[in-house]
$ cat my_file-v4.cif   # mmCIF, C-alpha atoms
data_target
#
loop_
_atom_site.label_atom_id
_atom_site.label_comp_id
_atom_site.auth_asym_id
_atom_site.auth_seq_id
_atom_site.Cartn_x
_atom_site.Cartn_y
_atom_site.Cartn_z
CA MET X 1105 -32.86 -12.73 18.78
CA ASP X 1106 -32.15 -12.90 15.06
CA ILE X 1107 -28.51 -13.19 13.97
CA GLN X 1108 -27.71 -11.80 10.55
CA PRO X 1109 -24.71 -13.06 8.57
CA GLN X 1110 -22.14 -10.30 8.08
CA SER X 1111 -20.26 -9.36 4.97
CA LYS X 1112 -16.83 -10.85 4.89
CA LEU X 1113 -13.66 -9.05 3.88
CA GLN X 1114 -10.82 -11.53 3.62
CA LEU X 1115 -7.19 -10.71 2.85
CA ILE X 1116 -5.90 -13.29 0.40
CA GLY X 1117 -2.34 -11.96 0.42
CA VAL X 1118 0.08 -9.07 -0.08
CA ASP X 1119 2.71 -9.19 -2.81
CA PHE X 1120 5.56 -6.74 -3.39
CA TYR X 1121 6.03 -6.40 -7.12
CA GLU X 1122 8.38 -3.41 -7.31
CA VAL X 1123 11.22 -2.26 -5.06
CA SER X 1124 13.66 0.44 -6.06
CA PHE X 1125 16.37 1.88 -3.82
CA PHE X 1126 19.00 4.44 -4.75
CA ALA X 1127 21.51 5.81 -2.22
CA GLN X 1128 23.80 8.80 -2.75
CA GLN X 1129 25.20 9.10 0.76
CA PRO X 1130 24.47 7.69 4.25
CA PHE X 1131 21.44 9.06 6.08
CA ASN X 1132 21.15 9.31 9.87
CA PRO X 1133 17.68 10.44 10.95
CA ASP X 1134 18.87 10.82 14.56
CA MET X 1135 21.57 13.37 13.72
CA GLU X 1136 20.67 16.95 14.61
CA GLY X 1137 19.83 18.97 11.51
CA SER X 1138 19.09 15.90 9.37
CA PRO X 1139 16.60 16.56 6.57
CA GLN X 1140 13.12 15.14 6.95
CA ILE X 1141 12.01 12.06 5.06
CA GLN X 1142 9.44 12.98 2.42
CA MET X 1143 6.78 10.29 2.10
CA GLU X 1144 4.07 9.69 -0.51
CA VAL X 1145 1.52 6.90 -0.35
CA ASN X 1146 -0.60 6.51 -3.47
CA PRO X 1147 -3.36 3.90 -3.25
CA GLY X 1148 -5.27 2.49 -6.19
CA VAL X 1149 -7.87 -0.22 -6.64
CA ARG X 1150 -8.21 -2.81 -9.37
CA TYR X 1151 -11.27 -4.94 -10.03
CA PRO X 1152 -10.49 -8.15 -11.96
CA VAL X 1153 -13.15 -8.68 -14.61
CA ASP X 1154 -13.34 -12.43 -14.09
CA ASN X 1155 -14.35 -12.38 -10.39
CA LYS X 1156 -16.79 -9.86 -8.87
CA GLU X 1157 -15.94 -10.87 -5.29
CA VAL X 1158 -12.21 -10.10 -5.62
CA PHE X 1159 -10.47 -6.73 -5.72
CA GLN X 1160 -6.87 -5.59 -5.34
CA ILE X 1161 -5.40 -2.62 -3.52
CA ILE X 1162 -2.21 -1.19 -4.97
CA LEU X 1163 -0.09 0.89 -2.58
CA LYS X 1164 2.77 2.76 -4.20
CA THR X 1165 4.94 4.20 -1.44
CA LYS X 1166 7.86 6.54 -1.99
CA LEU X 1167 10.37 7.74 0.61
CA GLU X 1168 12.95 10.34 -0.29
CA VAL X 1169 15.60 12.43 1.40
CA GLU X 1170 17.18 14.82 -1.06
CA SER X 1171 20.88 14.11 -1.67
CA HIS X 1172 20.67 10.95 0.47
CA PHE X 1173 18.33 8.25 -0.83
CA SER X 1174 15.15 7.37 -2.67
CA LEU X 1175 13.07 4.26 -1.97
CA GLN X 1176 9.99 3.14 -3.89
CA VAL X 1177 7.90 0.12 -2.93
CA SER X 1178 4.77 -1.09 -4.71
CA ALA X 1179 2.54 -3.61 -2.96
CA LEU X 1180 -0.53 -5.44 -4.18
CA GLY X 1181 -3.06 -6.62 -1.60
CA THR X 1182 -5.68 -9.05 -2.87
CA PHE X 1183 -9.02 -9.27 -1.09
CA GLN X 1184 -12.19 -11.26 -1.33
CA LEU X 1185 -15.42 -9.55 -0.39
CA ALA X 1186 -18.31 -12.00 -0.24
CA ASP X 1187 -22.00 -11.68 0.57
CA LEU X 1188 -22.14 -7.94 -0.04
CA THR X 1189 -25.03 -6.27 -1.78
CA GLU X 1190 -24.97 -2.70 -0.48
CA GLU X 1191 -22.72 -0.42 -2.56
CA THR X 1192 -22.06 2.02 0.33
CA GLU X 1193 -20.68 -0.76 2.50
CA ARG X 1194 -18.57 -2.10 -0.40
CA LYS X 1195 -17.05 1.37 -0.97
CA LEU X 1196 -16.15 1.62 2.73
CA PHE X 1197 -14.31 -1.71 2.58
CA VAL X 1198 -12.50 -0.80 -0.66
CA ASN X 1199 -11.61 2.83 0.15
CA VAL X 1200 -10.89 2.69 3.89
CA ASN X 1201 -10.59 -0.78 5.38
CA ALA X 1202 -8.58 -2.57 2.68
CA PRO X 1203 -5.79 0.07 2.36
CA ALA X 1204 -5.59 0.23 6.16
CA ILE X 1205 -5.06 -3.54 6.20
CA VAL X 1206 -2.33 -3.49 3.48
CA PHE X 1207 -0.34 -0.52 4.82
CA PRO X 1208 1.10 -2.31 7.91
CA TYR X 1209 2.62 -4.89 5.54
CA VAL X 1210 4.29 -2.04 3.62
CA ARG X 1211 5.50 -0.47 6.89
CA ALA X 1212 7.01 -3.78 8.05
CA PHE X 1213 8.63 -4.42 4.66
CA ILE X 1214 10.26 -0.97 4.61
CA ALA X 1215 11.42 -1.26 8.24
CA THR X 1216 13.00 -4.66 7.55
CA LEU X 1217 14.61 -3.56 4.29
CA THR X 1218 16.09 -0.36 5.73
CA ALA X 1219 17.29 -2.16 8.86
CA ASN X 1220 19.34 -4.45 6.61
CA LEU X 1221 20.95 -1.66 4.57
CA GLY X 1222 23.69 -1.13 7.12
CA GLY X 1223 25.04 2.39 7.46
CA VAL X 1224 23.15 3.66 4.42
CA THR X 1225 20.09 4.52 6.54
CA ASN X 1226 21.63 4.00 10.00
CA GLY X 1227 18.95 1.49 11.03
CA ALA X 1228 15.31 0.85 10.32
CA ILE X 1229 13.00 3.57 9.07
CA HIS X 1230 9.63 3.34 10.80
CA LEU X 1231 6.75 4.92 8.93
CA PRO X 1232 3.90 6.58 10.80
CA PRO X 1233 0.42 5.06 10.51
CA GLN X 1234 -1.68 6.29 7.60
CA PHE X 1235 -5.42 6.91 7.54
CA PHE X 1236 -7.26 6.49 4.26
CA GLN X 1237 -10.42 8.32 3.27
CA GLY X 1238 -12.17 9.35 0.09
CA ASP X 1239 -12.41 7.46 -3.16
CA ILE X 1240 -9.37 5.54 -4.32
CA PRO X 1241 -8.76 5.83 -8.06
CA GLU X 1242 -9.18 2.70 -10.15
CA VAL X 1243 -6.07 1.45 -11.97
CA PHE X 1244 -5.85 -0.86 -14.93
CA PRO X 1245 -3.25 -3.41 -16.05
CA ASP X 1246 -1.18 -2.16 -18.98
CA GLN X 1247 -1.86 -4.72 -21.71
CA THR X 1248 1.57 -4.30 -23.34
CA SER X 1249 3.88 -4.61 -20.35
CA HIS X 1250 1.75 -6.65 -17.91
CA GLU X 1251 2.29 -3.95 -15.29
CA ILE X 1252 -0.30 -2.10 -13.30
CA THR X 1253 -0.51 1.59 -14.18
CA GLY X 1254 -2.47 4.37 -12.60
#

$ encode --input "my_file-v4.cif" --output "structure tokens"
Amino acid sequence: MDIQPQSKLQLIGVDFYEVSFFAQQPFNPDMEGSPQIQMEVNPGVRYPVDNKEVFQIILKTKLEVESHFSLQVSALGTFQLADLTEETERKLFVNVNAPAIVFPYVRAFIATLTANLGGVTNGAIHLPPQFFQGDIPEVFPDQTSHEITG
């Protein structure tokens, strides 16, 4: 039996580089007739020019309940992908696997943050799992502000 070495996707780390929260009035998701939380998750990918084995997944997540609160969190997951020659396999790791690995960190961060807001959100907000498919757009660092833009 011949054992082939497998491609390796390694998470180097997840950093939260932007958090914005604005509350207008307390929100209780358990109260009958409460408005639904609107959620947007916008992934992007960045390929550093100095290292072909490294890429970064940017997840910009926005939660909003009109007249109650708005929360925006931007996370940057850095990955190393070694020993990979096939482009189809690389795209699968970048577009599906990597965002699926970063999103639980975002979920946990938001749950912890909202749990510590007191009566503003009446406890932790738990996001549903997300499934990623299709091509993620590439984003580039803005040379003037040192921020990542999409």

$ resolve_selection --input "my_file-v4.cif" --expression "the PyMOL selection byres ((chain X and resi 1193-1201) around 10)" --output "ChimeraX atom specification"
/X:1111-1113,1147-1150,1159-1161,1183,1185-1186,1188-1192,1202-1206,1235-1241

$ resolve_selection --input "my_file-v4.cif" --expression "the PyMOL selection byres ((chain X and resi 1114-1125) around 12)" --output "number ranges by chain"
X: 1111-1113, 1126-1128, 1157-1169, 1172-1187, 1197-1198, 1201-1210, 1212-1214, 1217-1218, 1221, 1224-1225, 1250-1252

$ atom_distance --input "my_file-v4.cif" --atom1 "CA of Thr1216 in chain X" --atom2 "CA of Ala1228 in chain X"
6.6 Å

$ residues_around --input "my_file-v4.cif" --residues "Met1135 in chain X" --least-positions-apart "5" --cutoff "12 Å" --atoms "only C-alpha atoms" --output "list of chain:residue names"
X:Pro1130, X:Gln1140, X:Thr1225, X:Asn1226

$ atom_distance --input "my_file-v4.cif" --atom1 "CA of Pro1233 in chain X" --atom2 "CA of Gln1129 in chain X"
26.9 Å

$ atom_distance --input "my_file-v4.cif" --atom1 "CA of Gly1222 in chain X" --atom2 "CA of Glu1170 in chain X"
19.1 Å

$ closest_residue --input "my_file-v4.cif" --among "X:Asn1146, X:Lys1156, X:Ser1138, X:Tyr1151" --to "Phe1244 in chain X" --atoms "only C-alpha atoms"
X:Tyr1151
